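Working notes, beginning with the structure itself.
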Amino acid sequence: MRHDSDLSASYRRNTCDLGGDFPDIPADAWPSGICTDLGNVSQSIPAIHPYVGVDSYQFANHQPEFAGYCVGNTADLAIVRTATALAWTAIDAATDPELRSRLISS
């Protein structure tokens with residue numbers, strides 16, 4: 001997965017503006033071997049693949065315990081915040097002349 005640094009910065013800024021944070025998670029805490037088609041797409045066009053935090057760091061997707069963290073106000077807020085930040089990031093990409101030009105020419 002190749003994350004576009006400008007889109008990542010925009011997403012991070014928008015998430016923080018919405019009250020989200022980016023906790024320092026050690027690199028070895030991230031799951032390895034994750035496979036996604038977006039990883040292939042990102043080799044050709046600018047892309048980001050942000051995670052949605054639901055305060056479940058000890059459990060990963062597809063573990064039964066993870067499901068419990070995906071229910072309730074914390075998860076609902078995380079989904080709304082993430083969707084809004086992604087929408088704002090798309091707006092940034094469309095309205096920033098330099099970023100838009102670079103993304104279109106990629």
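The way I read the labels, and the way they are meant: chains A, B, ... in the order of the structure tokens, residue 1 as the first residue of every chain, and ligand 1 as the first ligand shown, with later ones counted on from there.
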
Would you mind listing what lies within 8 Å of Ser42 of chain A as a ChimeraX atom specification, with only C-alpha atoms counted and same-chain residues fewer than 6 positions away left out? /A:1-3,48

Using the chain letters and numbers from this document, which residues of chain A does DSSP assign to helix (DSSP H, G or I), as a PyMOL selection string? chain A and resi 5-17+27-29+37-41+64-69+73-95+97-105

Can you pull out the residues contacting Ser5 of chain A? Cut-off 10 Å, using only C-alpha atoms, and skip same-chain residues under 5 positions away; I want them as an NGL selection string. :A and (10-11 or 46-48)

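For segment 68-80 of chain A, the list of residues within 7 Å, based on only C-alpha atoms and with local chain neighbours fewer than 5 positions off taken out, reads Val52, Gly53, Val54 and Ser56 of chain A.
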
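Here atom CA of Gln58 of chain A and atom CA of Pro23 of chain A stand 13.9 Å from one another.
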
Using only C-alpha atoms, which protein or nucleic acid residues come within 10 Å of segment 17-19 of chain A? Drop anything in the same chain fewer than 3 positions from it, and give the result as a ChimeraX atom specification. /A:11-14,80-82,84-85

Would you mind exporting N, CA and C atoms of the selected residues as an mmCIF file, in the first residue's frame?
data_model
loop_
_atom_site.group_PDB
_atom_site.id
_atom_site.type_symbol
_atom_site.label_atom_id
_atom_site.label_comp_id
_atom_site.auth_asym_id
_atom_site.auth_seq_id
_atom_site.Cartn_x
_atom_site.Cartn_y
_atom_site.Cartn_z
ATOM 1 N N TYR A 11 -6.117 14.227 5.279
ATOM 2 C CA TYR A 11 -6.984 13.372 6.091
ATOM 3 C C TYR A 11 -6.669 13.523 7.581
ATOM 4 N N ARG A 12 -5.406 13.537 7.913
ATOM 5 C CA ARG A 12 -5.001 13.693 9.314
ATOM 6 C C ARG A 12 -5.486 15.035 9.871
ATOM 7 N N ARG A 13 -5.278 16.108 9.120
ATOM 8 C CA ARG A 13 -5.701 17.447 9.552
ATOM 9 C C ARG A 13 -7.219 17.472 9.744
ATOM 10 N N ASN A 14 -7.952 16.915 8.780
ATOM 11 C CA ASN A 14 -9.411 16.917 8.881
ATOM 12 C C ASN A 14 -9.893 16.083 10.061
ATOM 13 N N VAL A 80 -18.707 8.098 11.865
ATOM 14 C CA VAL A 80 -19.142 9.415 11.376
ATOM 15 C C VAL A 80 -17.933 10.331 11.193
ATOM 16 N N ARG A 81 -17.012 10.319 12.154
ATOM 17 C CA ARG A 81 -15.817 11.156 12.053
ATOM 18 C C ARG A 81 -14.969 10.753 10.845
ATOM 19 N N THR A 82 -14.783 9.465 10.647
ATOM 20 C CA THR A 82 -13.972 8.987 9.526
ATOM 21 C C THR A 82 -14.617 9.337 8.190
ATOM 22 N N THR A 84 -16.714 11.740 7.541
ATOM 23 C CA THR A 84 -16.648 13.192 7.357
ATOM 24 C C THR A 84 -15.242 13.621 6.968
ATOM 25 N N ALA A 85 -14.239 13.077 7.650
ATOM 26 C CA ALA A 85 -12.848 13.425 7.328
ATOM 27 C C ALA A 85 -12.492 13.011 5.904
#

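Checking A:Asn61, A:Ala67, A:Trp88, A:Leu99 one by one against Thr15 of chain A, counting only C-alpha atoms, you find the shortest gap at A:Trp88.
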
Please list as a PDB file with N, CA and C atoms, in the first residue's frame every residue within 12 Å of Ile45 of chain A, counting only C-alpha atoms and excluding residues in the same chain fewer than 5 positions away.
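Saved as selection.pdb:
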ATOM      1  N   MET A   1       0.852  -1.172   0.000  1.00  0.00           N
ATOM      2  CA  MET A   1       0.000   0.000   0.000  1.00  0.00           C
ATOM      3  C   MET A   1       0.891   1.226   0.000  1.00  0.00           C
ATOM      4  N   ARG A   2       0.714   2.067  -0.974  1.00  0.00           N
ATOM      5  CA  ARG A   2       1.471   3.315  -1.070  1.00  0.00           C
ATOM      6  C   ARG A   2       0.518   4.469  -0.746  1.00  0.00           C
ATOM      7  N   HIS A   3       0.714   5.089   0.419  1.00  0.00           N
ATOM      8  CA  HIS A   3      -0.129   6.206   0.831  1.00  0.00           C
ATOM      9  C   HIS A   3       0.402   7.505   0.235  1.00  0.00           C
ATOM     10  N   ASP A   4      -0.486   8.288  -0.374  1.00  0.00           N
ATOM     11  CA  ASP A   4      -0.113   9.598  -0.895  1.00  0.00           C
ATOM     12  C   ASP A   4       0.077  10.544   0.287  1.00  0.00           C
ATOM     13  N   LEU A   7      -2.522  13.574   0.479  1.00  0.00           N
ATOM     14  CA  LEU A   7      -3.849  13.121   0.888  1.00  0.00           C
ATOM     15  C   LEU A   7      -3.844  12.666   2.344  1.00  0.00           C
ATOM     16  N   LEU A  38      -6.762  -2.348  -2.794  1.00  0.00           N
ATOM     17  CA  LEU A  38      -6.345  -0.943  -2.839  1.00  0.00           C
ATOM     18  C   LEU A  38      -4.825  -0.823  -2.864  1.00  0.00           C
ATOM     19  N   GLY A  39      -4.130  -1.776  -2.282  1.00  0.00           N
ATOM     20  CA  GLY A  39      -2.669  -1.773  -2.354  1.00  0.00           C
ATOM     21  C   GLY A  39      -2.192  -1.817  -3.794  1.00  0.00           C
ATOM     22  N   ASN A  40      -2.851  -2.623  -4.606  1.00  0.00           N
ATOM     23  CA  ASN A  40      -2.515  -2.680  -6.025  1.00  0.00           C
ATOM     24  C   ASN A  40      -2.869  -1.373  -6.727  1.00  0.00           C
ATOM     25  N   ARG A 102      -1.885  17.777  -9.460  1.00  0.00           N
ATOM     26  CA  ARG A 102      -0.991  16.625  -9.313  1.00  0.00           C
ATOM     27  C   ARG A 102      -1.754  15.321  -9.328  1.00  0.00           C
ATOM     28  N   LEU A 103      -2.900  15.281  -8.668  1.00  0.00           N
ATOM     29  CA  LEU A 103      -3.680  14.057  -8.611  1.00  0.00           C
ATOM     30  C   LEU A 103      -4.245  13.694  -9.984  1.00  0.00           C
ATOM     31  N   ILE A 104      -4.679  14.675 -10.718  1.00  0.00           N
ATOM     32  CA  ILE A 104      -5.238  14.410 -12.037  1.00  0.00           C
ATOM     33  C   ILE A 104      -4.161  13.933 -13.008  1.00  0.00           C
ATOM     34  N   SER A 105      -2.956  14.470 -12.857  1.00  0.00           N
ATOM     35  CA  SER A 105      -1.888  14.091 -13.789  1.00  0.00           C
ATOM     36  C   SER A 105      -1.217  12.775 -13.419  1.00  0.00           C
ATOM     37  N   SER A 106      -1.562  12.216 -12.266  1.00  0.00           N
ATOM     38  CA  SER A 106      -0.947  10.956 -11.825  1.00  0.00           C
ATOM     39  C   SER A 106      -1.471   9.789 -12.609  1.00  0.00           C
TER      40      SER A 106
END

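Of note, atom CA of Gly20 of chain A and atom CA of Asp37 of chain A are spaced 26.7 Å apart.
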
With distances taken over only C-alpha atoms, which of A:Thr89, A:Asp21, A:Glu65, A:Ser8 is nearest to His49 of chain A? A:Ser8

If you count only C-alpha atoms, the residue of A:Arg100, A:Pro50, A:Ala94, A:Asp55 closest to Ala9 of chain A turns out to be A:Pro50

Atom CA of Ala87 of chain A to atom CA of Gln43 of chain A, distance in Å rounded to a single decimal: 22.3 Å
